[in-house]
Amino acid sequence: MLYRTAGQFKTSYEADFALFPVRQDAILLGVILLFAWVILPWSANEFVFQTLLIPVLIYSLAALGLNLLTGYAGQLSLGTAAFMGVGAYACYKLTTIFPGMNLVVAIALSGFFAAAVGVVFGLPSLRIKGFYLAIATLAAQFFLVWLFEKWAWLYNYNSSGAIQVPNMKMFGVYVAGPQATSLTQYYFVLAVVSLITWFSINITRGRIGRMWKAVRDMDIAAELVGINLMRAKLSAFAISSYVAGVSGALFVFLWRGAAEPVLFDVQLSFRILFIAIIGGLGSIIGNYFGALLIVALPVILGIVPDALGVPIRAAVQEHLNTMIVGALIITFLIAEPLGMARLWGIIREKLIIWPFPH
Amino acid sequence: MNARPDPARLSDAIADGAVLLDVRNVSLSFGGVKAVSDISFDVLKGEIRAIIGPNGAGKTSMLNVINGFYTAQQGTIVFRGKERRAMKAHEAVGQGIARTFQNVALFKGMSTLDNIMAGRSVMMKRNLFWQMLRHGPALREEIEHRREVEEIIDFLEIEHIRHTPVGKLPYGLQKRVELGRALAMEPTLLLLDEPMAGMNLEEKEDMSRFIVEVNRHRGTTIALIEHDMGVVMDLSDRVVVLDYGKKIADGPPDAVKANKDVIDAYLGVAH
């Protein structure tokens, strides 16, 4: 009833190509944006900003980057965290070498460093695929984290070996560093994430997206319709790593405030892969579902038992979290390999034809 | 502005009935197995050329050599007057060669529309910047190609499955979508590998009609492999027969049908 599409006719290809051919989808997005831009930030407290809102956005962006590569172009990668690290360190170097640089510009530029590194480590994909490629990207993961640790120039020869985000202003307001408020940081992250999401949706719907999906579904046939496999795969690595790099820069500059190499270890790569799998490979919206689940779960485990009067120890909470995430991944892989995005898709289809079964 | 590849214009230089593709003494072997040995034949512009032969005769290998998927060890291929031994498969598309596969090779996760649109990837030029915005030139290009693709969808009578993921379609329709994807590439030479395999009579009739219409109305030269002799004899202008990697006959359907070697190859011969 709510989702009835009858009577919504398209009379031009422009209308059929619209971002939301179904009117209700646009309304739903409007509601979500209203929440994200107005209601949530004005009702959230410091704790909610720092443990939920900002990390959900940053993790979704990282998962989006991975999803472009793995979900759309079919190239399995276990090196997302390392590409995020490249973005973070590049941003750090840019802002310390050019102290006056606008943070938006610095973050946008640091993505290009991540993209270049991504392309280099994507070169093996021209010869190998599947598990073997995953192992090759794992090499990137370990090599880059090692580099972050050993190459002292990257962290300006700090004795701690960590990078510290300085206070940075934009238009007279602190956006990064200890002086920045959570509200400004949230809006900064939200703006970047919204923009990149919109770009990603457009890319995946157009020529480049079709190229990627063709390579994913059957690379031989893709080659025989004239798709240059090398360009398709490397462009996927470049764009995916760009997005991962930007998310890495946001991760450090707009959320953590400081970072050491171990932050970007393989654990983080796996966490992002889990988000992409639970959310749904080959979808954009799924990344948000997945990130929400993975980020909110430990918070819920920390609050709900207490509220119910059965407090559990922090260590148990952590183990419970790991167990639940593990169970969820197995469940999704078996029951719904396309993740929460697909579940939403099924619900939506049912709503459209409701009250009829078909 | 028009994003058609140059080859389409180039092909007009070759008159109907002139030699479009000339296969000269091509040999191909895998280790000790000779898939194709010393085969020569030509395909004239505008004709329907059938390649037939028993299983394992080397028909598919021959197609793979023509569209650059395999590299022949000996011999050359002259396409549109240009002689070559090998080219990359994606370059063959730029030259105006499209093909379909014996076992359907579609992009299973994509819709019918996207599959056929993917056939026009090479003709679409807008860069990442415009793709990101999906506005102005990129959108115009998308719509321009959508229009062409819709004509193919209309022609193949698959409007109702436009937005269905092809993995969910029955086999006969998948074959049709695959033909659509090949047509979207606006080929000069269309290679069809067993377009009727596994189809019932009605589907075969539909497919035959599409093939004839593509040939007549679009002027596309077609080389096809097929096992259904009725179809081959009805559709094709000339037939080349392979057996154990060798050419045993070449000529109009009636002559081939009466050829003793061909009958022996198909029915076996008493020793």
# chains A, B, ... in the order shown; residues from 1 in each chain; ligands from 1

$ residues_around --residues "Ile352 in chain A" --least-positions-apart "2" --cutoff "6 Å" --atoms "only C-alpha atoms" --output "compact mmCIF listing (two decimals) with C-alpha atoms, in the first residue's frame"
# COMPACT_ATOMS: atom_id res chain seq x y z
CA TYR A 3 4.90 1.29 -1.72
CA ARG A 4 2.38 1.08 -4.55
CA GLU A 349 9.33 -6.02 -3.50
CA LYS A 350 6.79 -7.55 -1.13
CA TRP A 354 1.16 -6.13 -1.16

$ closest_atom_pairs --of "chain A" --to "chain B" --cutoff "9 Å" --atoms "only C-alpha atoms" --output "Markdown table"
| residue | atom | partner | partner_atom | distance |
| --- | --- | --- | --- | --- |
| A:Tyr13 | CA | B:Ile143 | CA | 6.3 |
| A:Glu14 | CA | B:Ile143 | CA | 7.2 |
| A:Phe17 | CA | B:Ile143 | CA | 8.5 |
| A:Trp198 | CA | B:Met132 | CA | 8.0 |
| A:Phe199 | CA | B:Met132 | CA | 4.7 |
| A:Ser200 | CA | B:Met132 | CA | 6.9 |
| A:Ile201 | CA | B:Met132 | CA | 8.1 |
| A:Asn202 | CA | B:Met132 | CA | 5.3 |
| A:Ile203 | CA | B:Met132 | CA | 5.2 |
| A:Thr204 | CA | B:Gln131 | CA | 8.9 |
| A:Arg205 | CA | B:Gln131 | CA | 8.7 |
| A:Gly206 | CA | B:Gln131 | CA | 6.4 |
| A:Arg207 | CA | B:Ser121 | CA | 6.3 |
| A:Ile208 | CA | B:Gln131 | CA | 7.6 |
| A:Arg210 | CA | B:Ala118 | CA | 6.0 |
| A:Met211 | CA | B:Ala118 | CA | 6.8 |
| A:Lys213 | CA | B:Met110 | CA | 7.4 |
| A:Ala214 | CA | B:Phe107 | CA | 5.6 |
| A:Val215 | CA | B:Phe107 | CA | 8.4 |
| A:Arg216 | CA | B:Phe107 | CA | 8.2 |
| A:Asp217 | CA | B:Phe107 | CA | 5.0 |
| A:Met218 | CA | B:Phe107 | CA | 6.0 |
| A:Asp219 | CA | B:Phe107 | CA | 9.0 |
| A:Ile220 | CA | B:Ala105 | CA | 8.3 |
| A:Ala221 | CA | B:Ala105 | CA | 6.0 |
| A:Ala222 | CA | B:Phe107 | CA | 8.2 |
| A:Glu223 | CA | B:His90 | CA | 5.4 |
| A:Leu224 | CA | B:His90 | CA | 5.6 |
| A:Val225 | CA | B:Gly119 | CA | 5.5 |
| A:Gly226 | CA | B:His90 | CA | 4.0 |
| A:Ile227 | CA | B:His90 | CA | 6.1 |
| A:Asn228 | CA | B:His90 | CA | 6.3 |
| A:Leu229 | CA | B:His90 | CA | 8.7 |

$ closest_residue --among "B:Asp206, B:Asp234, B:Glu148, B:Asp38" --to "Lys175 in chain B" --atoms "only C-alpha atoms"
B:Asp206

$ select_by_dssp --residues "range 107-138 of chain B" --states "helix (DSSP H, G or I)" --output "ChimeraX atom specification"
/B:112-118,121-123,128-133,137-138

$ write_last_selection --atoms "C-alpha atoms" --output "PDB file, in the first residue's frame"
ATOM      1  CA  THR B 112      18.929  -7.995 -19.836  1.00  0.00           C
ATOM      2  CA  LEU B 113      19.191  -4.291 -20.517  1.00  0.00           C
ATOM      3  CA  ASP B 114      22.595  -3.996 -18.832  1.00  0.00           C
ATOM      4  CA  ASN B 115      23.888  -7.051 -20.652  1.00  0.00           C
ATOM      5  CA  ILE B 116      23.025  -5.573 -24.014  1.00  0.00           C
ATOM      6  CA  MET B 117      24.271  -2.149 -22.948  1.00  0.00           C
ATOM      7  CA  ALA B 118      27.557  -3.810 -21.986  1.00  0.00           C
ATOM      8  CA  SER B 121      30.858  -0.391 -23.792  1.00  0.00           C
ATOM      9  CA  VAL B 122      33.522   0.201 -26.391  1.00  0.00           C
ATOM     10  CA  MET B 123      31.430   2.806 -28.138  1.00  0.00           C
ATOM     11  CA  LEU B 128      35.048   9.106 -15.083  1.00  0.00           C
ATOM     12  CA  PHE B 129      34.289  12.721 -14.287  1.00  0.00           C
ATOM     13  CA  TRP B 130      31.030  12.760 -16.246  1.00  0.00           C
ATOM     14  CA  GLN B 131      30.209   9.225 -15.180  1.00  0.00           C
ATOM     15  CA  MET B 132      30.460  10.359 -11.571  1.00  0.00           C
ATOM     16  CA  LEU B 133      28.031  13.187 -12.118  1.00  0.00           C
ATOM     17  CA  PRO B 137      27.237  14.457 -21.735  1.00  0.00           C
ATOM     18  CA  ALA B 138      27.289  11.183 -19.797  1.00  0.00           C
TER      19      ALA B 138
END

$ residues_around --residues "Leu133 in chain A" --least-positions-apart "6" --cutoff "7 Å" --atoms "only C-alpha atoms" --output "PyMOL selection string"
chain A and resi 76+124-125

$ residues_around --residues "Asp265 in chain A" --least-positions-apart "3" --cutoff "8 Å" --atoms "only C-alpha atoms" --output "list in words"
Ala81, Ala82, Gln141, Phe142, Val145, Pro261, Val262, Leu268 and Ser269 of chain A

$ write_last_selection --atoms "N, CA and C atoms" --output "PDB file, in the first residue's frame"
ATOM      1  N   ALA A  81      42.441  -2.024   4.844  1.00  0.00           N
ATOM      2  CA  ALA A  81      42.964  -1.220   5.957  1.00  0.00           C
ATOM      3  C   ALA A  81      44.275  -0.551   5.550  1.00  0.00           C
ATOM      4  N   ALA A  82      45.107  -1.266   4.817  1.00  0.00           N
ATOM      5  CA  ALA A  82      46.377  -0.682   4.396  1.00  0.00           C
ATOM      6  C   ALA A  82      46.143   0.508   3.468  1.00  0.00           C
ATOM      7  N   GLN A 141      48.739  -5.545   2.501  1.00  0.00           N
ATOM      8  CA  GLN A 141      48.361  -5.262   3.883  1.00  0.00           C
ATOM      9  C   GLN A 141      49.584  -5.300   4.809  1.00  0.00           C
ATOM     10  N   PHE A 142      50.338  -6.389   4.756  1.00  0.00           N
ATOM     11  CA  PHE A 142      51.455  -6.534   5.688  1.00  0.00           C
ATOM     12  C   PHE A 142      52.601  -5.603   5.328  1.00  0.00           C
ATOM     13  N   VAL A 145      51.701  -1.844   6.339  1.00  0.00           N
ATOM     14  CA  VAL A 145      51.720  -1.607   7.785  1.00  0.00           C
ATOM     15  C   VAL A 145      53.166  -1.607   8.281  1.00  0.00           C
ATOM     16  N   PRO A 261      50.610   2.654  13.454  1.00  0.00           N
ATOM     17  CA  PRO A 261      50.474   1.706  12.349  1.00  0.00           C
ATOM     18  C   PRO A 261      49.556   0.530  12.651  1.00  0.00           C
ATOM     19  N   VAL A 262      49.573   0.066  13.899  1.00  0.00           N
ATOM     20  CA  VAL A 262      48.824  -1.144  14.218  1.00  0.00           C
ATOM     21  C   VAL A 262      47.310  -0.947  14.038  1.00  0.00           C
ATOM     22  N   LEU A 268      41.438  -4.734  10.915  1.00  0.00           N
ATOM     23  CA  LEU A 268      40.554  -3.702  10.372  1.00  0.00           C
ATOM     24  C   LEU A 268      40.083  -4.097   8.973  1.00  0.00           C
ATOM     25  N   SER A 269      41.011  -4.664   8.186  1.00  0.00           N
ATOM     26  CA  SER A 269      40.622  -5.134   6.852  1.00  0.00           C
ATOM     27  C   SER A 269      39.491  -6.140   6.942  1.00  0.00           C
TER      28      SER A 269
END

$ select_by_dssp --residues "range 71-227 of chain A" --states "strand (DSSP E or B)" --output "ChimeraX atom specification"
/A:163-164,168-170,173-176

$ closest_residue --among "A:Ala162, A:Met170, A:Leu263, A:Ile285" --to "Leu29 in chain A" --atoms "only C-alpha atoms"
A:Ile285

$ residues_around --residues "Ala238 in chain A" --least-positions-apart "6" --cutoff "7 Å" --atoms "only C-alpha atoms" --output "NGL selection string"
:A and (115-116 or 118-119)

$ atom_distance --atom1 "CA of Ser40 in chain B" --atom2 "CA of Val231 in chain B"
23.7 Å

$ atom_distance --atom1 "CA of Gly111 in chain A" --atom2 "CA of Leu61 in chain A"
12.5 Å
